[in-house]
Each structure stands twice: as structure tokens, then as C-alpha cells.
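Q: Structure supplied as data.cif; contents: mmCIF, C-alpha atoms and all ligand atoms.
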data_upload
loop_
_atom_site.label_atom_id
_atom_site.label_comp_id
_atom_site.auth_asym_id
_atom_site.auth_seq_id
_atom_site.Cartn_x
_atom_site.Cartn_y
_atom_site.Cartn_z
CA MET N 82 -6.63 10.31 7.60
CA ARG N 83 -4.49 9.73 4.56
CA GLN N 84 -0.85 8.78 5.14
CA ILE N 85 1.60 10.91 3.18
CA ASN N 86 4.40 8.86 1.62
CA PRO N 87 7.45 10.07 3.61
CA LYS N 88 9.78 9.44 0.66
CA ALA N 89 7.73 11.58 -1.70
CA ASP N 90 8.80 15.11 -2.36
CA PRO N 91 5.78 16.92 -3.83
CA LEU N 92 6.95 20.36 -2.81
CA ALA N 93 9.92 20.06 -5.12
CA HIS N 94 7.62 19.61 -8.12
CA LEU N 95 4.18 21.04 -7.42
CA PRO N 96 4.76 23.69 -4.77
CA HIS N 97 1.20 25.03 -4.80
CA ILE N 98 -0.57 21.66 -4.44
CA HIS N 99 -1.26 20.44 -0.92
CA PRO N 100 0.06 16.86 -0.56
CA ALA N 101 -3.43 15.68 0.48
CA ARG N 102 -4.69 16.85 -2.95
CA ILE N 103 -2.31 14.57 -4.84
CA PRO N 104 -4.30 11.58 -6.15
CA ARG N 105 -3.46 8.33 -4.34
CA HIS N 106 -4.14 6.27 -7.43
CA ILE N 107 -3.90 7.43 -11.05
CA ALA N 108 -5.02 5.15 -13.88
CA PHE N 109 -3.74 5.98 -17.37
CA ILE N 110 -5.34 5.07 -20.68
CA MET N 111 -2.18 5.39 -22.72
CA ASP N 112 -3.58 6.18 -26.13
CA GLY N 113 -2.22 7.74 -29.32
CA ASN N 114 0.96 5.75 -29.94
CA GLY N 115 -0.20 4.80 -33.44
CA ARG N 116 -1.22 8.35 -34.41
CA TRP N 117 2.04 9.72 -33.03
CA ALA N 118 3.97 7.40 -35.35
CA GLU N 119 1.68 7.79 -38.37
CA GLU N 120 1.90 11.59 -38.24
CA ARG N 121 5.68 11.23 -38.51
CA GLY N 122 5.47 8.71 -41.36
CA PHE N 123 6.74 5.88 -39.11
CA PRO N 124 5.23 2.42 -38.63
CA ARG N 125 2.84 2.27 -35.65
CA ILE N 126 5.25 0.16 -33.63
CA PHE N 127 7.63 3.15 -33.40
CA GLY N 128 4.89 4.91 -31.47
CA HIS N 129 4.69 2.02 -29.02
CA ARG N 130 8.48 2.10 -28.57
CA ASN N 131 8.44 5.81 -27.83
CA GLY N 132 5.48 5.24 -25.54
CA ALA N 133 7.72 3.04 -23.38
CA SER N 134 9.87 6.04 -22.39
CA ALA N 135 6.72 7.94 -21.38
CA VAL N 136 5.85 4.95 -19.16
CA ARG N 137 9.23 5.11 -17.44
CA SER N 138 9.13 8.86 -16.85
CA THR N 139 5.47 8.85 -15.69
CA VAL N 140 5.96 6.01 -13.20
CA GLU N 141 9.09 7.66 -11.81
CA GLN N 142 7.49 11.08 -11.51
CA CYS N 143 4.30 9.71 -9.90
CA GLY N 144 6.47 8.04 -7.25
CA ARG N 145 8.26 11.30 -6.51
CA LEU N 146 4.97 13.13 -6.20
CA GLY N 147 3.68 10.64 -3.63
CA VAL N 148 1.14 8.84 -5.85
CA GLU N 149 0.74 5.44 -4.17
CA CYS N 150 -0.58 3.47 -7.11
CA VAL N 151 -0.30 3.84 -10.88
CA THR N 152 -2.35 1.68 -13.22
CA LEU N 153 -1.41 1.54 -16.88
CA TYR N 154 -3.78 0.22 -19.53
CA SER N 155 -1.25 -1.61 -21.68
CA PHE N 156 -3.28 -4.06 -23.79
CA SER N 157 -7.03 -4.56 -23.84
CA ASN N 158 -9.10 -7.68 -24.54
CA GLU N 159 -10.15 -5.92 -27.74
CA ASN N 160 -6.58 -5.18 -28.89
CA TRP N 161 -6.32 -8.76 -30.28
CA LYS N 162 -8.26 -7.33 -33.25
CA ARG N 163 -5.08 -5.51 -34.37
CA PRO N 164 -2.74 -6.75 -37.12
CA GLN N 165 -0.71 -9.78 -35.96
CA GLY N 166 2.60 -7.96 -36.51
CA GLU N 167 1.57 -5.17 -34.12
CA ILE N 168 0.34 -7.69 -31.52
CA ASP N 169 3.62 -9.64 -31.72
CA ALA N 170 5.63 -6.44 -31.29
CA LEU N 171 3.53 -5.41 -28.27
CA MET N 172 3.98 -8.84 -26.65
CA ALA N 173 7.74 -8.71 -27.24
CA MET N 174 7.80 -5.23 -25.69
CA ALA N 175 5.92 -6.51 -22.63
CA VAL N 176 8.65 -9.14 -22.07
CA MET N 177 11.41 -6.57 -22.63
CA TYR N 178 9.77 -4.13 -20.23
CA CYS N 179 9.33 -6.72 -17.44
CA ASP N 180 12.87 -8.09 -17.78
CA GLY N 181 14.52 -4.74 -18.42
CA GLU N 182 12.89 -2.84 -15.55
CA ARG N 183 12.92 -5.60 -12.92
CA GLU N 184 16.09 -4.42 -11.17
CA ALA N 185 14.97 -0.78 -11.30
CA PHE N 186 11.64 -1.71 -9.68
CA ILE N 187 13.46 -3.50 -6.86
CA ARG N 188 15.81 -0.52 -6.42
CA GLU N 189 12.86 1.91 -6.36
CA ASN N 190 10.89 -0.39 -4.01
CA ILE N 191 7.99 -0.56 -6.55
CA ARG N 192 5.60 -3.50 -6.26
CA VAL N 193 4.35 -4.67 -9.63
CA ARG N 194 1.03 -6.39 -10.14
CA PHE N 195 -0.77 -7.43 -13.32
CA ILE N 196 -4.50 -7.36 -13.91
CA GLY N 197 -6.22 -9.09 -16.81
CA SER N 198 -6.52 -12.60 -18.16
CA ARG N 199 -3.28 -14.55 -18.52
CA LYS N 200 -4.57 -17.58 -20.37
CA GLU N 201 -4.57 -16.01 -23.86
CA LEU N 202 -1.07 -14.52 -23.45
CA PRO N 203 2.07 -16.16 -24.88
CA THR N 204 3.97 -18.30 -22.33
CA GLU N 205 7.06 -16.10 -22.39
CA VAL N 206 4.95 -13.04 -21.53
CA VAL N 207 3.30 -14.83 -18.58
CA GLN N 208 6.71 -16.02 -17.42
CA ALA N 209 8.15 -12.47 -17.52
CA MET N 210 5.06 -11.15 -15.67
CA GLU N 211 5.36 -13.78 -12.96
CA ASN N 212 9.09 -13.12 -12.57
CA VAL N 213 8.61 -9.41 -12.03
CA GLU N 214 5.66 -9.93 -9.67
CA ALA N 215 7.65 -12.42 -7.58
CA ALA N 216 10.80 -10.25 -7.59
CA THR N 217 8.91 -7.20 -6.32
CA ALA N 218 6.39 -8.95 -4.04
CA SER N 219 8.05 -7.71 -0.86
CA CYS N 220 8.55 -4.11 -2.08
CA THR N 221 6.74 -1.70 0.19
CA GLY N 222 6.76 1.48 -1.92
CA PRO N 223 4.34 2.57 -4.67
CA MET N 224 2.38 -0.03 -6.62
CA LEU N 225 2.52 -0.33 -10.37
CA CYS N 226 -0.51 -2.15 -11.72
CA LEU N 227 -0.25 -3.19 -15.36
CA ALA N 228 -3.46 -4.00 -17.19
CA LEU N 229 -2.40 -6.54 -19.80
CA ASN N 230 -5.05 -8.42 -21.76
CA TYR N 231 -7.52 -6.62 -19.54
CA GLY N 232 -11.21 -6.01 -20.14
CA SER N 233 -13.57 -4.77 -17.50
CA ARG N 234 -16.68 -6.64 -18.67
CA GLN N 235 -14.73 -9.88 -18.66
CA GLU N 236 -13.42 -9.07 -15.18
CA ILE N 237 -16.94 -8.47 -13.83
CA ALA N 238 -18.29 -11.61 -15.53
CA ASN N 239 -15.42 -13.65 -14.00
CA ALA N 240 -16.19 -12.22 -10.58
CA ALA N 241 -19.87 -13.16 -10.97
CA ARG N 242 -18.82 -16.70 -11.93
CA THR N 243 -16.48 -16.97 -8.92
CA LEU N 244 -19.27 -15.91 -6.56
CA ALA N 245 -21.79 -18.26 -8.23
CA GLU N 246 -19.32 -21.12 -7.79
CA LYS N 247 -19.00 -20.32 -4.07
CA VAL N 248 -22.79 -20.28 -3.72
CA ARG N 249 -23.01 -23.66 -5.51
CA LYS N 250 -20.46 -25.15 -3.09
CA GLY N 251 -22.40 -23.76 -0.14
CA GLU N 252 -19.52 -21.42 0.85
CA LEU N 253 -21.50 -18.23 0.29
CA SER N 254 -25.11 -17.29 0.82
CA PRO N 255 -26.65 -15.21 -2.02
CA ASP N 256 -27.99 -12.62 0.43
CA LYS N 257 -24.40 -11.98 1.60
CA ILE N 258 -23.40 -10.75 -1.87
CA ASP N 259 -22.90 -7.00 -1.80
CA GLU N 260 -20.56 -4.51 -3.47
CA HIS N 261 -17.69 -5.49 -1.15
CA THR N 262 -17.97 -9.18 -2.05
CA LEU N 263 -17.91 -8.32 -5.72
CA THR N 264 -15.02 -5.85 -5.31
CA ASP N 265 -13.02 -8.61 -3.63
CA ALA N 266 -13.64 -10.98 -6.54
CA LEU N 267 -12.13 -8.60 -9.13
CA TYR N 268 -8.53 -8.64 -10.41
CA THR N 269 -8.01 -5.40 -8.48
CA ARG N 270 -8.75 -6.97 -5.08
CA GLY N 271 -6.96 -4.96 -2.40
CA ILE N 272 -6.14 -2.00 -4.67
CA PRO N 273 -7.96 1.26 -3.86
CA ASP N 274 -10.16 2.65 -6.64
CA PRO N 275 -8.48 5.18 -8.94
CA ASP N 276 -8.95 8.80 -7.92
CA LEU N 277 -7.98 10.12 -11.32
CA VAL N 278 -8.14 8.65 -14.82
CA VAL N 279 -5.99 10.27 -17.45
CA ARG N 280 -6.70 9.48 -21.09
CA THR N 281 -4.22 10.74 -23.65
CA ALA N 282 -4.91 11.37 -27.37
CA GLY N 283 -8.24 13.09 -26.91
CA GLU N 284 -10.94 10.39 -27.00
CA PHE N 285 -13.74 10.82 -24.48
CA ARG N 286 -14.34 7.14 -23.74
CA VAL N 287 -13.21 4.50 -21.26
CA SER N 288 -12.76 1.60 -23.71
CA ASN N 289 -13.70 -1.21 -21.29
CA PHE N 290 -11.30 -0.02 -18.58
CA LEU N 291 -12.06 -0.46 -14.86
CA LEU N 292 -15.81 0.15 -15.31
CA TRP N 293 -16.62 -0.88 -11.73
CA GLN N 294 -13.60 0.78 -10.09
CA LEU N 295 -14.04 4.17 -11.82
CA SER N 296 -17.44 4.89 -10.24
CA TYR N 297 -16.23 8.06 -8.54
CA ALA N 298 -12.95 8.72 -10.34
CA GLU N 299 -12.23 12.15 -11.76
CA LEU N 300 -11.75 12.05 -15.53
CA TYR N 301 -9.09 14.00 -17.38
CA VAL N 302 -8.64 13.89 -21.14
CA THR N 303 -5.70 15.51 -22.87
CA PRO N 304 -5.11 15.77 -26.64
CA CYS N 305 -1.43 14.96 -26.03
CA TYR N 306 -0.38 11.62 -27.58
CA TRP N 307 1.04 9.14 -25.07
CA PRO N 308 4.68 9.27 -26.37
CA ASP N 309 4.61 13.06 -25.76
CA PHE N 310 3.18 12.73 -22.24
CA ASP N 311 5.94 14.23 -20.08
CA HIS N 312 6.32 15.59 -16.55
CA ALA N 313 4.68 18.89 -17.50
CA ALA N 314 1.64 17.07 -18.94
CA LEU N 315 1.38 14.94 -15.79
CA HIS N 316 1.63 18.01 -13.56
CA LYS N 317 -1.16 19.68 -15.56
CA ALA N 318 -3.43 16.66 -14.99
CA ILE N 319 -2.70 16.63 -11.25
CA ILE N 320 -3.20 20.39 -10.91
CA ASP N 321 -6.56 20.01 -12.65
CA TYR N 322 -7.49 17.13 -10.33
CA ALA N 323 -6.49 19.14 -7.26
CA SER N 324 -9.02 21.82 -8.22
CA ARG N 325 -11.94 19.35 -8.39
CA ASP N 326 -14.61 19.22 -5.72
CA ARG N 327 -15.24 15.51 -5.10
CA ARG N 328 -18.65 15.16 -3.49
CA PHE N 329 -19.31 11.39 -3.75
CA GLY N 330 -23.02 12.13 -3.90
CA GLY N 331 -22.93 14.43 -0.87
CA VAL N 332 -22.77 18.21 -0.75
CA GLN N 333 -19.87 20.59 -0.99
CA LYS N 334 -18.08 20.97 2.40
CA SER N 335 -18.78 24.73 2.49
CA SER N 336 -22.54 24.12 1.90
CA GLU N 337 -22.93 21.73 4.85
CA HIS N 338 -24.05 24.46 7.28
CA SER N 339 -26.20 26.46 4.89
CA ALA N 340 -28.70 23.60 4.24
C1 LIG N 401 -2.33 2.93 -27.40
O1 LIG N 401 -2.03 3.52 -28.61
C2 LIG N 401 -1.52 1.66 -27.17
C3 LIG N 401 -2.33 0.43 -27.20
C4 LIG N 401 -3.60 0.34 -27.31
C5 LIG N 401 -1.57 -0.82 -27.09
P1 LIG N 401 -2.80 3.14 -29.93
O2 LIG N 401 -2.01 2.08 -30.64
O3 LIG N 401 -4.20 2.79 -29.66
O4 LIG N 401 -2.71 4.50 -30.73
P2 LIG N 401 -3.80 5.09 -31.71
O5 LIG N 401 -5.08 5.25 -30.94
O6 LIG N 401 -3.94 4.14 -32.85
O7 LIG N 401 -3.24 6.42 -32.12
C1 LIG N 402 -7.45 1.70 -25.11
O1 LIG N 402 -6.98 2.20 -26.30
C2 LIG N 402 -6.65 0.49 -24.73
C3 LIG N 402 -5.30 0.76 -24.26
C4 LIG N 402 -4.78 1.93 -24.06
C5 LIG N 402 -4.50 -0.42 -24.02
P1 LIG N 402 -7.62 1.74 -27.71
O2 LIG N 402 -6.90 2.50 -28.74
O3 LIG N 402 -7.59 0.26 -27.83
O4 LIG N 402 -9.13 2.21 -27.54
P2 LIG N 402 -10.21 2.57 -28.65
O5 LIG N 402 -10.19 1.48 -29.68
O6 LIG N 402 -9.81 3.89 -29.23
O7 LIG N 402 -11.51 2.68 -27.91
MG MG N 403 -5.91 3.92 -29.66
#
Represent the supplied structure as C-alpha cells.

A:
Amino acid sequence: MRQINPKADPLAHLPHIHPARIPRHIAFIMDGNGRWAEERGFPRIFGHRNGASAVRSTVEQCGRLGVECVTLYSFSNENWKRPQGEIDALMAMAVMYCDGEREAFIRENIRVRFIGSRKELPTEVVQAMENVEAATASCTGPMLCLALNYGSRQEIANAARTLAEKVRKGELSPDKIDEHTLTDALYTRGIPDPDLVVRTAGEFRVSNFLLWQLSYAELYVTPCYWPDFDHAALHKAIIDYASRDRRFGGVQKSSEHSA
């Protein structure tokens, strides 16, 4: 039976949604920052800056609604293809976000974890990531998982390599490899799979995000650009999720006796 976060106050925000219908884990593909800025005649980086306030308000509101884990797709393996100026600005924002929010995370009891490859990231970014992870390691409230330099194919390939290495050393027998072994070799080890994926800015694709972990996630796409994603937009996504019938390959509960 699912534990309801005692500090959460869903009734104050979504009175008609039963707390058990609130997703435990929401993963966001925060898209549309560039278009938001371009439509206003601003440089793309302005969109990223405004996107940062949507991050703050979404994380805070998810916590109040009792969502136990929020994953944010912040920078993909493929985003290195962008102009260097935009990449530099995004890296500087990552440092600012980690340093600037650290105290707030501790106050809110939020545990921060990063997924993705660290070796291509600038040293000061890795340092800021490690600082915030260490500072919040003993927090027991909601988890914030930041996908930075993340790519799902790379994650799965790494996991395969880790398992192969264990087999080579004689620590693992090939016939013991199953979906649990592989799940435990991913960056997301120990994090429950997302229940809901929200993609802003209208594209119907997953862009190399959590391909393994999304197997049974509910998908929600909104045309709203990420900087405009506010509490009302989040509530709409959760209300839509709450109406879904998740069957996981089985049959609808009400059909069980009519078979
Ligand atoms: C998402 O917004 C943020 C990142 C990928 C870092 P985009 O920058 O992709 O915005 P669009 O898709 O160009 O509008
Ligand atoms: C997905 O957005 C990556 C992040 C949100 C970090 P993109 O803008 O990079 O995805 P595509 O290029 O539209 O597929
Ligand atoms: Mg985009």
C-alpha cells in the first residue's frame, strides 16, 4: 500500500483528486525555452532564465501535492550540438541553480540527485553538483533528480558494460542477468520508475529520456512552453493522469469478474 506523504497537503490544491491518484514520480521534459524567447524577440538564453522560475515553482508545488520524486531533463547528451554560447550559459545556470538553491533544498528537506555522465561536464559544474548532493544527502523528504548531460542509450550501454565487467571478473553469472540486475546498474538505481512524463512545448517524442524507466509511464504533452508552465498547468497534467486507467498489461479492475 502506498504511503501518503504526511507533510503533503493535496486537498488544499486538488480537492477532487484522491491522494492515491497523485503520481509518486513525475518526470518533466522541459522544452520550449528557446521558442518562448524567440517569439518575444529575445535571445534564447532569456528563455532558459525564465525556465528557471518554472523549475522552482514546479518543484515546490509537486512537494506540496505529495509527489515523492521529480525528475527534470535539464541537458541531454545531444544538447552539446548547440551553439557554444548557449551551452556556456546553460552550464553557468546549472552552477547558479545548485549554489543558489542549496539552502532552500535543505530547508525543504529535498534530497537532490543527479543522473547522467559527469566526465564531459566542466569541473565547476561537477563541483556544484557534488556540493548540493552532499548537502542534501540526509534529507528525508521528496527527491529531486536532475538529468544533466543525460542520455538514455548511453545509460543503458554503460549498464551493459558494468554487467559485462562483473561477468569477466567472475562476480556475476550471465544467467543471473535479468531486468532487476539491469535496473540496478542504471543511473536511476533505487529511484522508482516515473508514473507520469510531462513534455512541454508540444513535441510528441521522448528525445533519449529514460527509455528503460518509462516502460509503463503515462505520457502527457502540453503545447505550453516550459517558462509558462505554472501551477495551473501542473494541476491540469495531474488531473489528466488521475483519470487514466493503468493496466500494466492486465485488465481493467472492473472487468476482472466479467471474464
Ligand atoms: C529546453 O528548451 C531546454 C533545453 C533543452 C536545455 P529548448 O532550448 O530546447 O527550447 P526550444 O525547443 O528550442 O524551443
Ligand atoms: C529535450 O529537449 C532535452 C531537454 C529538455 C533537456 P530538446 O529540445 O533537446 O529535444 P529535441 O531536440 O526537440 O528532440
Ligand atoms: Mg527543444

Q: Env of Ala266 in chain N: 8 Å cut, atoms = all atoms listed in the file, seq-sep filter 2 positions within chain, self excluded. Answer as a PyMOL selection string.

A: chain N and resi 240-241+243-244+262-264+268+270

Q: Once you count all atoms listed in the file, which residues end up no further than 9 Å from (-21.1, -1.9, -6.8) in the file's frame, shown as JSON, numbers by chain?

A: {"N": [259, 260, 261, 263, 264, 293, 294, 296]}

Q: Of the candidates N:Asp169, N:Glu246, N:Glu159, N:Asp321, which one gets nearest to ligand LIG 402 (chain N) if we count only C-alpha atoms and all ligand atoms?

A: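 Of N:Asp169, N:Glu246, N:Glu159, N:Asp321, the one nearest ligand LIG 402 (chain N) is N:Glu159, counting only C-alpha atoms and all ligand atoms.
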
Q: Name the residues, by chain letter and number, that sit within 10 Å of ligand LIG 401 (chain N) using only C-alpha atoms and all ligand atoms, and give them as JSON, numbers by chain.

A: {"N": [110, 111, 112, 113, 114, 115, 116, 117, 118, 119, 120, 125, 126, 128, 129, 132, 154, 155, 156, 157, 159, 160, 161, 163, 167, 168, 171, 172, 229, 230, 281, 282, 283, 284, 288, 306, 307, 308]}

Q: Within 9 Å of (6.9, -2.7, -19.2) (file coordinates; only C-alpha atoms), which protein or nucleic acid residues are there? I'd like them as a CSV table (one decimal) with C-alpha atoms, in the frame of the given file.

A:
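out.csv, written as the output of this step:
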chain,number,residue,atom,x,y,z
N,133,ALA,CA,7.7,3.0,-23.4
N,136,VAL,CA,5.8,5.0,-19.2
N,137,ARG,CA,9.2,5.1,-17.4
N,155,SER,CA,-1.2,-1.6,-21.7
N,174,MET,CA,7.8,-5.2,-25.7
N,175,ALA,CA,5.9,-6.5,-22.6
N,176,VAL,CA,8.6,-9.1,-22.1
N,177,MET,CA,11.4,-6.6,-22.6
N,178,TYR,CA,9.8,-4.1,-20.2
N,179,CYS,CA,9.3,-6.7,-17.4
N,180,ASP,CA,12.9,-8.1,-17.8
N,181,GLY,CA,14.5,-4.7,-18.4
N,182,GLU,CA,12.9,-2.8,-15.6
N,227,LEU,CA,-0.2,-3.2,-15.4

Q: From the list N:Pro223, N:Leu153, N:Glu299, N:Arg280, which residue is nearest Arg328 in chain N when using all atoms listed in the file?

A: N:Glu299

Q: Which residues, written as a PDB file with C-alpha atoms, in the frame of the given file, have at least one atom at most 10 Å from Leu291 in chain N, with only C-alpha atoms counted and residues fewer than 6 positions away on the same chain left out?

A:
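Saved result, result_31.pdb, follows:
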ATOM      1  CA  ALA N 108      -5.020   5.150 -13.880  1.00  0.00           C
ATOM      2  CA  TYR N 154      -3.780   0.220 -19.530  1.00  0.00           C
ATOM      3  CA  ALA N 228      -3.460  -4.000 -17.190  1.00  0.00           C
ATOM      4  CA  TYR N 231      -7.520  -6.620 -19.540  1.00  0.00           C
ATOM      5  CA  GLY N 232     -11.210  -6.010 -20.140  1.00  0.00           C
ATOM      6  CA  SER N 233     -13.570  -4.770 -17.500  1.00  0.00           C
ATOM      7  CA  ARG N 234     -16.680  -6.640 -18.670  1.00  0.00           C
ATOM      8  CA  GLU N 236     -13.420  -9.070 -15.180  1.00  0.00           C
ATOM      9  CA  ILE N 237     -16.940  -8.470 -13.830  1.00  0.00           C
ATOM     10  CA  LEU N 267     -12.130  -8.600  -9.130  1.00  0.00           C
ATOM     11  CA  TYR N 268      -8.530  -8.640 -10.410  1.00  0.00           C
ATOM     12  CA  THR N 269      -8.010  -5.400  -8.480  1.00  0.00           C
ATOM     13  CA  ASP N 274     -10.160   2.650  -6.640  1.00  0.00           C
ATOM     14  CA  PRO N 275      -8.480   5.180  -8.940  1.00  0.00           C
ATOM     15  CA  VAL N 278      -8.140   8.650 -14.820  1.00  0.00           C
TER      16      VAL N 278
END

Q: One decimal, in Å: what's the spacing between CA of Phe109 in chain N and CA of Glu205 in chain N?

A: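 Going from CA of Phe109 in chain N over to CA of Glu205 in chain N, I get 25.1 Å.
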
Q: Restrict the output to range 289-300 of chain N and all heavy atoms, then write it as a short mmCIF file (atom, residue, chain, number, x, y, z; two decimals), in the first residue's frame.

A:
data_model
loop_
_atom_site.label_atom_id
_atom_site.label_comp_id
_atom_site.auth_asym_id
_atom_site.auth_seq_id
_atom_site.Cartn_x
_atom_site.Cartn_y
_atom_site.Cartn_z
N ASN N 289 15.45 10.62 -26.17
CA ASN N 289 16.51 9.88 -25.44
C ASN N 289 16.42 10.04 -23.92
O ASN N 289 17.44 10.10 -23.23
CB ASN N 289 17.89 10.32 -25.96
CG ASN N 289 18.98 9.29 -25.70
OD1 ASN N 289 18.69 8.13 -25.37
ND2 ASN N 289 20.23 9.70 -25.81
N PHE N 290 15.19 10.11 -23.42
CA PHE N 290 14.99 10.32 -21.98
C PHE N 290 14.43 9.05 -21.33
O PHE N 290 13.36 8.56 -21.73
CB PHE N 290 13.99 11.48 -21.81
CG PHE N 290 13.77 11.97 -20.40
CD1 PHE N 290 14.84 12.19 -19.54
CD2 PHE N 290 12.50 12.25 -19.94
CE1 PHE N 290 14.64 12.67 -18.26
CE2 PHE N 290 12.29 12.74 -18.65
CZ PHE N 290 13.35 12.95 -17.82
N LEU N 291 15.11 8.47 -20.39
CA LEU N 291 14.61 7.39 -19.54
C LEU N 291 13.90 6.26 -20.32
O LEU N 291 12.82 5.81 -19.91
CB LEU N 291 13.66 7.97 -18.47
CG LEU N 291 14.25 9.02 -17.53
CD1 LEU N 291 13.16 9.63 -16.64
CD2 LEU N 291 15.36 8.45 -16.65
N LEU N 292 14.50 5.83 -21.43
CA LEU N 292 13.81 4.87 -22.31
C LEU N 292 13.44 3.58 -21.58
O LEU N 292 12.37 3.01 -21.80
CB LEU N 292 14.69 4.54 -23.52
CG LEU N 292 15.12 5.75 -24.36
CD1 LEU N 292 16.02 5.31 -25.50
CD2 LEU N 292 13.90 6.50 -24.89
N TRP N 293 14.30 3.13 -20.70
CA TRP N 293 14.04 1.89 -19.95
C TRP N 293 12.98 2.14 -18.87
O TRP N 293 12.04 1.38 -18.69
CB TRP N 293 15.36 1.43 -19.31
CG TRP N 293 15.28 0.26 -18.39
CD1 TRP N 293 14.95 0.29 -17.06
CD2 TRP N 293 15.52 -1.10 -18.71
NE1 TRP N 293 14.99 -0.96 -16.52
CE2 TRP N 293 15.34 -1.85 -17.51
CE3 TRP N 293 15.89 -1.78 -19.88
CZ2 TRP N 293 15.51 -3.23 -17.46
CZ3 TRP N 293 16.06 -3.16 -19.81
CH2 TRP N 293 15.87 -3.86 -18.62
N GLN N 294 13.14 3.26 -18.15
CA GLN N 294 12.32 3.55 -16.97
C GLN N 294 10.89 3.95 -17.32
O GLN N 294 10.00 3.91 -16.48
CB GLN N 294 12.97 4.67 -16.15
CG GLN N 294 14.35 4.36 -15.58
CD GLN N 294 15.49 4.67 -16.57
OE1 GLN N 294 15.29 4.77 -17.77
NE2 GLN N 294 16.69 4.83 -16.06
N LEU N 295 10.66 4.38 -18.58
CA LEU N 295 9.33 4.88 -18.95
C LEU N 295 8.40 3.79 -19.45
O LEU N 295 7.30 4.09 -19.93
CB LEU N 295 9.42 5.97 -20.04
CG LEU N 295 10.18 7.24 -19.69
CD1 LEU N 295 10.03 8.27 -20.80
CD2 LEU N 295 9.68 7.83 -18.38
N SER N 296 8.80 2.53 -19.34
CA SER N 296 8.04 1.43 -19.95
C SER N 296 6.54 1.53 -19.73
O SER N 296 5.76 1.29 -20.64
CB SER N 296 8.53 0.08 -19.40
OG SER N 296 9.86 -0.11 -19.74
N TYR N 297 6.13 1.85 -18.49
CA TYR N 297 4.69 1.93 -18.22
C TYR N 297 4.25 3.31 -17.73
O TYR N 297 3.19 3.44 -17.10
CB TYR N 297 4.26 0.82 -17.26
CG TYR N 297 3.84 -0.42 -18.03
CD1 TYR N 297 4.69 -1.50 -18.18
CD2 TYR N 297 2.61 -0.44 -18.69
CE1 TYR N 297 4.32 -2.60 -18.94
CE2 TYR N 297 2.23 -1.54 -19.45
CZ TYR N 297 3.09 -2.61 -19.57
OH TYR N 297 2.71 -3.69 -20.33
N ALA N 298 5.05 4.31 -18.04
CA ALA N 298 4.67 5.68 -17.61
C ALA N 298 3.51 6.19 -18.46
O ALA N 298 3.36 5.81 -19.63
CB ALA N 298 5.87 6.60 -17.77
N GLU N 299 2.71 7.03 -17.88
CA GLU N 299 1.66 7.73 -18.63
C GLU N 299 2.29 8.97 -19.26
O GLU N 299 3.05 9.70 -18.60
CB GLU N 299 0.52 8.14 -17.69
CG GLU N 299 -0.18 6.97 -17.04
CD GLU N 299 -0.91 6.08 -18.05
OE1 GLU N 299 -1.50 6.62 -19.01
OE2 GLU N 299 -0.86 4.85 -17.88
N LEU N 300 1.95 9.23 -20.51
CA LEU N 300 2.55 10.37 -21.22
C LEU N 300 1.57 11.52 -21.30
O LEU N 300 0.38 11.31 -21.57
CB LEU N 300 2.98 9.95 -22.63
CG LEU N 300 3.83 8.68 -22.73
CD1 LEU N 300 4.14 8.34 -24.18
CD2 LEU N 300 5.13 8.86 -21.95
#
